[in-house]
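J.: Structure file entry-v5.txt (compact mmCIF, C-alpha atoms) is given on the next line.
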```
# COMPACT_ATOMS: atom_id res chain seq x y z
CA MET A 1 -22.41 15.01 -21.16
CA LEU A 2 -19.28 16.79 -22.33
CA SER A 3 -19.46 17.97 -25.93
CA ILE A 4 -16.31 18.24 -28.03
CA GLU A 5 -15.35 19.65 -31.43
CA THR A 6 -12.38 18.74 -33.61
CA VAL A 7 -10.83 22.08 -34.62
CA TYR A 8 -7.87 20.70 -36.60
CA GLU A 9 -6.29 17.36 -37.38
CA ASN A 10 -3.69 15.66 -39.51
CA THR A 11 -3.28 11.94 -40.05
CA ASN A 12 -0.28 10.30 -41.71
CA HIS A 13 -0.28 6.52 -41.87
CA TRP A 14 0.51 5.36 -38.29
CA SER A 15 0.73 8.81 -36.72
CA ALA A 16 -1.59 11.78 -36.17
CA TYR A 17 -2.15 15.03 -34.32
CA GLN A 18 -5.45 16.64 -33.40
CA GLY A 19 -6.88 19.74 -31.73
CA ILE A 20 -10.05 19.26 -29.69
CA ALA A 21 -12.20 22.01 -28.17
CA LEU A 22 -13.97 20.93 -24.97
CA LYS A 23 -17.30 22.76 -24.93
CA ASP A 24 -20.71 22.42 -23.29
CA GLY A 25 -20.70 20.50 -20.02
CA PHE A 26 -17.02 21.02 -19.22
CA ASP A 27 -17.70 22.48 -15.77
CA LYS A 28 -19.84 19.47 -14.80
CA TYR A 29 -17.23 17.14 -16.30
CA LEU A 30 -14.65 18.69 -13.94
CA THR A 31 -16.82 18.46 -10.82
CA SER A 32 -17.85 14.86 -11.43
CA ARG A 33 -15.66 12.78 -13.73
CA VAL A 34 -12.32 14.57 -13.30
CA ARG A 35 -12.75 15.30 -9.60
CA THR A 36 -13.46 11.62 -8.90
CA ARG A 37 -10.31 10.63 -10.80
CA PHE A 38 -8.15 13.34 -9.21
CA TYR A 39 -8.98 12.22 -5.66
CA ASP A 40 -9.07 8.53 -6.66
CA ILE A 41 -12.38 8.22 -4.82
CA GLU A 42 -12.91 4.67 -6.09
CA GLY A 43 -9.54 3.54 -4.71
CA THR A 44 -10.11 5.31 -1.39
CA GLU A 45 -13.49 3.65 -0.92
CA ALA A 46 -11.98 0.25 -1.76
CA LEU A 47 -9.27 0.67 0.92
CA ILE A 48 -11.78 1.72 3.56
CA GLU A 49 -13.97 -1.27 2.75
CA GLU A 50 -10.98 -3.66 2.86
CA PHE A 51 -9.82 -2.58 6.32
CA LYS A 52 -13.09 -1.40 7.90
CA ASP A 53 -13.04 -4.18 10.55
CA ILE A 54 -9.71 -3.12 12.08
CA PRO A 55 -10.87 -0.03 14.08
CA SER A 56 -12.38 -0.78 17.48
CA THR A 57 -13.50 2.75 18.38
CA GLY A 58 -15.12 5.67 16.60
CA PHE A 59 -11.89 7.63 16.90
CA GLU A 60 -9.90 4.86 15.19
CA GLU A 61 -12.49 4.64 12.44
CA ARG A 62 -12.20 8.36 11.75
CA LEU A 63 -8.39 8.06 11.74
CA LEU A 64 -8.58 5.17 9.28
CA ILE A 65 -10.75 7.22 6.93
CA ASP A 66 -8.37 10.18 7.32
CA ILE A 67 -5.35 8.03 6.41
CA PHE A 68 -6.91 6.63 3.25
CA SER A 69 -8.42 9.98 2.24
CA THR A 70 -5.08 11.83 2.17
CA SER A 71 -5.38 14.17 -0.79
CA PRO A 72 -2.77 15.05 -3.41
CA SER A 73 -1.56 18.63 -3.58
CA ILE A 74 -3.78 20.76 -5.82
CA GLU A 75 -1.55 21.69 -8.75
CA ASP A 76 -2.50 22.57 -12.31
CA TRP A 77 -0.38 19.82 -13.88
CA LYS A 78 -1.96 17.15 -11.68
CA ILE A 79 -5.46 18.31 -12.62
CA GLY A 80 -4.33 18.30 -16.25
CA GLU A 81 -3.19 14.68 -15.95
CA ALA A 82 -6.52 13.65 -14.41
CA LEU A 83 -8.41 15.48 -17.18
CA ALA A 84 -6.25 13.83 -19.86
CA GLU A 85 -6.86 10.33 -18.45
CA CYS A 86 -10.62 10.90 -18.28
CA TYR A 87 -10.75 12.27 -21.83
CA LEU A 88 -8.69 9.40 -23.23
CA GLU A 89 -10.88 6.81 -21.52
CA ASP A 90 -14.13 8.47 -22.61
CA PHE A 91 -13.27 9.53 -26.17
CA GLU A 92 -10.24 7.48 -27.27
CA LYS A 93 -11.25 4.13 -25.71
CA ILE A 94 -7.98 3.89 -23.79
CA ARG A 95 -7.98 1.87 -20.59
CA PHE A 96 -6.14 2.86 -17.39
CA TYR A 97 -6.71 0.29 -14.69
CA TYR A 98 -4.18 1.53 -12.16
CA PRO A 99 -3.62 5.25 -11.50
CA SER A 100 0.10 5.93 -11.12
CA SER A 101 -0.79 8.40 -8.33
CA ARG A 102 -1.33 5.41 -6.02
CA ASP A 103 2.42 4.84 -5.97
CA ALA A 104 3.24 8.38 -4.83
CA LYS A 105 5.34 8.55 -1.66
CA ASN A 106 5.55 12.34 -1.78
CA LEU A 107 2.34 14.30 -2.33
CA LYS A 108 4.15 16.97 -4.36
CA ALA A 109 6.36 14.65 -6.40
CA ASN A 110 5.97 13.86 -10.08
CA LEU A 111 6.54 10.15 -10.65
CA GLN A 112 9.28 9.39 -13.15
CA GLY A 113 8.85 7.20 -16.22
CA ALA A 114 5.64 8.23 -17.98
CA ASP A 115 2.49 10.13 -17.05
CA LEU A 116 0.25 7.67 -18.90
CA VAL A 117 0.56 3.88 -18.90
CA GLY A 118 -2.38 1.91 -20.22
CA PHE A 119 -3.83 -0.10 -23.09
CA ILE A 120 -5.37 0.65 -26.47
CA ASP A 121 -6.91 -1.53 -29.18
CA ILE A 122 -5.53 -0.92 -32.67
CA ASP A 123 -7.97 -3.36 -34.26
CA GLU A 124 -10.66 -5.78 -33.12
CA GLU A 125 -8.11 -8.40 -32.08
CA THR A 126 -4.96 -6.49 -31.10
CA THR A 127 -4.33 -4.71 -27.79
CA ILE A 128 -1.02 -2.92 -27.19
CA PHE A 129 0.63 -0.92 -24.42
CA LEU A 130 0.18 2.84 -24.38
CA PHE A 131 2.87 5.14 -22.95
CA GLY A 132 2.27 8.87 -22.82
CA GLU A 133 2.97 12.31 -21.45
CA VAL A 134 0.68 15.16 -20.40
CA LYS A 135 1.52 18.86 -20.32
CA THR A 136 -0.67 21.73 -19.09
CA SER A 137 0.10 25.25 -20.27
CA GLY A 138 -1.46 28.69 -20.55
CA ASP A 139 1.62 29.99 -22.39
CA LYS A 140 0.46 32.39 -25.12
CA ASN A 141 3.25 31.24 -27.42
CA SER A 142 2.45 28.56 -29.97
CA PRO A 143 3.87 25.98 -29.50
CA PRO A 144 4.15 26.55 -25.74
CA GLN A 145 7.43 26.12 -23.90
CA VAL A 146 6.28 22.83 -22.34
CA MET A 147 6.74 21.17 -25.73
CA TYR A 148 10.50 21.92 -25.76
CA GLY A 149 13.61 20.87 -23.87
CA ARG A 150 14.55 17.89 -21.71
CA SER A 151 11.41 18.25 -19.58
CA GLY A 152 9.20 19.00 -22.59
CA MET A 153 6.66 16.61 -24.04
CA ILE A 154 8.48 15.76 -27.28
CA ASP A 155 11.82 14.91 -25.66
CA GLN A 156 10.05 12.83 -23.02
CA LEU A 157 8.14 10.89 -25.67
CA ARG A 158 11.32 10.49 -27.69
CA ASN A 159 13.06 9.17 -24.57
CA ILE A 160 10.37 6.51 -24.15
CA LYS A 161 10.72 5.59 -27.82
CA ASN A 162 14.51 5.41 -27.77
CA ASP A 163 14.96 3.69 -24.41
CA PRO A 164 13.83 0.04 -24.43
CA ASN A 165 14.84 -0.25 -20.76
CA LEU A 166 12.33 2.46 -19.83
CA GLN A 167 9.63 0.62 -21.76
CA LYS A 168 10.56 -2.58 -19.93
CA LEU A 169 10.38 -0.84 -16.54
CA LEU A 170 6.90 0.47 -17.31
CA ILE A 171 5.78 -2.99 -18.42
CA LYS A 172 7.32 -4.53 -15.29
CA TRP A 173 5.59 -1.92 -13.10
CA LEU A 174 2.23 -2.93 -14.57
CA GLY A 175 3.16 -6.60 -14.24
CA PHE A 176 3.41 -6.30 -10.46
CA LYS A 177 -0.11 -4.85 -10.44
CA VAL A 178 -1.69 -7.76 -12.32
CA LYS A 179 0.23 -10.78 -11.02
CA ALA A 180 -2.18 -11.48 -8.14
CA LEU A 181 -5.33 -10.94 -10.21
CA SER A 182 -7.43 -13.77 -11.58
CA ASP A 183 -6.98 -14.72 -15.23
CA GLU A 184 -10.52 -13.42 -15.87
CA ASP A 185 -9.78 -9.92 -14.64
CA PRO A 186 -9.98 -7.39 -17.55
CA PHE A 187 -6.75 -5.71 -16.38
CA LYS A 188 -4.82 -8.98 -16.52
CA LYS A 189 -6.38 -9.96 -19.85
CA ASP A 190 -5.29 -6.67 -21.43
CA TYR A 191 -1.82 -7.00 -19.95
CA GLN A 192 -1.38 -10.53 -21.31
CA LYS A 193 -2.56 -9.47 -24.78
CA ALA A 194 -0.29 -6.42 -24.89
CA LEU A 195 2.70 -8.33 -23.55
CA LYS A 196 2.22 -11.02 -26.18
CA VAL A 197 2.36 -8.39 -28.93
CA TYR A 198 5.36 -6.62 -27.38
CA LEU A 199 7.31 -9.88 -27.26
CA LYS A 200 6.80 -10.60 -30.96
CA GLU A 201 10.06 -9.97 -32.79
CA LYS A 202 8.37 -8.82 -36.00
CA ALA A 203 5.28 -7.13 -34.55
CA GLU A 204 4.45 -4.10 -36.70
CA HIS A 205 3.11 -2.10 -33.74
CA LYS A 206 4.40 -2.99 -30.29
CA TYR A 207 3.21 0.08 -28.40
CA PHE A 208 1.48 3.45 -28.80
CA LEU A 209 3.06 6.81 -27.92
CA PHE A 210 0.48 9.40 -26.84
CA GLY A 211 0.94 13.06 -25.94
CA VAL A 212 -1.80 15.29 -24.48
CA LEU A 213 -1.47 19.06 -24.23
CA ILE A 214 -3.99 20.96 -22.06
CA ARG A 215 -4.53 24.56 -23.24
CA ASP A 216 -6.71 27.53 -22.25
CA THR A 217 -5.77 29.53 -25.36
CA GLU A 218 -7.32 29.88 -28.81
CA PRO A 219 -6.88 26.68 -30.83
CA LYS A 220 -3.88 26.78 -33.19
CA ASP A 221 -2.42 23.86 -35.07
CA THR A 222 1.01 25.38 -34.49
CA ASP A 223 0.68 24.16 -30.89
CA LEU A 224 1.42 20.67 -32.19
CA LYS A 225 2.40 20.73 -35.85
CA SER A 226 6.16 21.40 -35.76
CA ARG A 227 6.79 19.31 -32.66
CA TYR A 228 4.76 16.46 -34.12
CA GLU A 229 6.82 16.58 -37.31
CA SER A 230 10.01 16.52 -35.25
CA LEU A 231 8.98 13.38 -33.42
CA LYS A 232 7.32 11.69 -36.39
CA SER A 233 10.45 12.05 -38.51
CA ASP A 234 12.29 9.42 -36.49
CA LEU A 235 9.32 7.24 -35.55
CA SER A 236 10.37 3.61 -35.60
CA ASN A 237 10.81 0.53 -33.44
CA GLY A 238 7.19 -0.57 -33.73
CA ALA A 239 5.64 2.61 -32.32
CA ARG A 240 2.43 4.40 -33.26
CA LEU A 241 2.03 8.08 -32.39
CA LYS A 242 -0.74 10.55 -31.63
CA LEU A 243 -0.63 14.05 -30.15
CA ILE A 244 -3.79 15.77 -28.92
CA ALA A 245 -4.29 19.35 -27.74
CA LEU A 246 -7.35 19.80 -25.51
CA TYR A 247 -8.64 23.40 -25.48
CA ILE A 248 -10.64 24.08 -22.33
CA PRO A 249 -13.27 26.86 -22.05
CA MET A 250 -11.88 28.43 -18.84
CA PRO A 251 -8.51 29.59 -17.51
CA ILE A 252 -6.38 26.67 -16.31
CA LYS A 253 -6.07 28.26 -12.87
CA ASN A 254 -9.86 28.16 -12.44
CA MET A 255 -10.01 24.37 -12.67
CA LYS A 256 -8.84 24.19 -9.04
CA ASP A 257 -12.14 25.63 -7.81
CA TYR A 258 -14.08 22.84 -9.50
CA ILE A 259 -11.79 20.18 -8.05
CA ILE A 260 -11.70 21.57 -4.50
CA ASN A 261 -15.29 22.72 -3.97
CA LYS A 262 -17.15 21.66 -7.10
CA GLY A 263 -17.03 25.15 -8.55
CA GLU A 264 -19.33 26.72 -5.95
CA GLY A 265 -19.69 30.41 -6.69
CA ASN A 266 -18.53 29.94 -10.28
CA GLU A 267 -21.79 28.73 -11.82
```
Rewrite the coordinates I just gave you, this time as structure tokens.

T.:
Amino acid sequence: MLSIETVYENTNHWSAYQGIALKDGFDKYLTSRVRTRFYDIEGTEALIEEFKDIPSTGFEERLLIDIFSTSPSIEDWKIGEALAECYLEDFEKIRFYYPSSRDAKNLKANLQGADLVGFIDIDEETTIFLFGEVKTSGDKNSPPQVMYGRSGMIDQLRNIKNDPNLQKLLIKWLGFKVKALSDEDPFKKDYQKALKVYLKEKAEHKYFLFGVLIRDTEPKDTDLKSRYESLKSDLSNGARLKLIALYIPMPIKNMKDYIINKGEGNE
């Protein structure tokens, strides 16, 4: 079990930022939980099961498995996104039913729109959409460069906040995923609940903005503080906000070994 420690935090009404140190068990978390998410092993197994009756020879069966087992390119930012999704599901009770990686048509491409699209409960009865961005950086500066500029986390989150059409596209994208599901499917139930809230003209909180920064440096609240204040200052339009910095106990570049070969030789 992965152990975590909150090293700094600040909460202000409907917004917050937080630094979390990932500690004991991180290597096993990478080789099991994150590795499974990165390769979408569950989705691959489901495809093989769905079409297993099509091959008529052993060669065709191996080719089928090869097609559905096509792996994404091993890049730090992709591992960071997988780690962020796993952490948010396990420790923030956020639900991601459909990995955006399944829509990739280019193994090296970064899908446009938002890194994170899911659901979060803000009370016992209310479920809303979650839109977020993930950045991975070993930059020694604090805040790191990935928090700045047009491709930086804060501007990307601000773009989601300020562009209703982008929000609508993300909601539509999810809608196509749930339309064929039964009304009892948890994915469809969450979608219907979140859509109902989003459609309310006077809903206090229509969606949640979430930013996750993956770091292999010493924890510093300056990684988030100023950029959080910049985004929080113009928070409106029914949004809630949270930024999290996850401090991992190994160099970012070393995570690849645990994804590719389960960290053999690094124990």

J.: For a quick check of understanding, using only C-alpha atoms, which of A:Lys220, A:Lys93, A:Gly43, A:Arg158 has the smallest distance to A:Asp123?

T.: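 So, comparing all the options, the nearest one is A:Lys93.
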
J.: Between A:Asn12, A:Val197, A:Lys206, A:Tyr39, which has the minimum distance to A:Ile74 (counting only C-alpha atoms)?

T.: A:Tyr39

J.: If you count all atoms listed in the file, which residues fall within 10 Å of stretch 177-182 of chain A, apart from same-chain ones fewer than 4 positions away, as a ChimeraX atom specification?

T.: /A:97-98,172-173,186-192

J.: What residues have an atom no more than 8 Å from (1.8, -1.5, -21.4) in the file's own frame, counting only C-alpha atoms, and can you write them as a list of chain:residue names?

T.: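 Those residues, ordered by chain and then number, are A:Val117, A:Gly118, A:Phe119, A:Ile128, A:Phe129, A:Leu130, A:Phe131, A:Leu170, A:Ile171, A:Leu174, A:Tyr191, A:Ala194, A:Leu195, A:Tyr207.
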
J.: Let me see the file: selected residues, C-alpha atoms, as a JSON list (two decimals), in the coordinates of the input.

T.:
```
[["chain", "number", "residue", "atom", "x", "y", "z"],
["A", 117, "VAL", "CA", 0.56, 3.88, -18.90],
["A", 118, "GLY", "CA", -2.38, 1.91, -20.22],
["A", 119, "PHE", "CA", -3.83, -0.10, -23.09],
["A", 128, "ILE", "CA", -1.02, -2.92, -27.19],
["A", 129, "PHE", "CA", 0.63, -0.92, -24.42],
["A", 130, "LEU", "CA", 0.18, 2.84, -24.38],
["A", 131, "PHE", "CA", 2.87, 5.14, -22.95],
["A", 170, "LEU", "CA", 6.90, 0.47, -17.31],
["A", 171, "ILE", "CA", 5.78, -2.99, -18.42],
["A", 174, "LEU", "CA", 2.23, -2.93, -14.57],
["A", 191, "TYR", "CA", -1.82, -7.00, -19.95],
["A", 194, "ALA", "CA", -0.29, -6.42, -24.89],
["A", 195, "LEU", "CA", 2.70, -8.33, -23.55],
["A", 207, "TYR", "CA", 3.21, 0.08, -28.40]]
```

J.: Which value, in Å to one decimal, gives the distance between atom CA of A:Phe210 and atom CA of A:Arg33?

T.: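 Going from atom CA of A:Phe210 over to atom CA of A:Arg33, I get 21.1 Å.
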
J.: How far is it from atom CA of A:Val212 to atom CA of A:Gly175, in Å with one decimal?

T.: 24.7 Å

J.: Enter the distance from atom CA of A:Met1 to atom CA of A:Gly25, in Å, rounded to one decimal.

T.: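 Here the two named atoms are 5.9 Å from each other.
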
J.: Just want the 7 Å neighbourhood of A:Pro143, counted on all atoms listed in the file, with same-chain residues fewer than 4 positions away dropped. Output as a PyMOL selection string.

T.: chain A and resi 147+222-224

J.: May I ask which of the residues A:Gly113, A:Asn159, A:Phe59, A:Glu204 is the closest one to A:Thr126, counting all atoms listed in the file?

T.: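 Smallest separation from A:Thr126 among the options: A:Glu204.
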
J.: Ranking A:Leu235, A:Ile259, A:Ile214, A:Ile160 by minimum distance to A:Pro144 and counting all atoms listed in the file, which one comes first?

T.: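 Selected residue with least distance to A:Pro144: A:Ile214.
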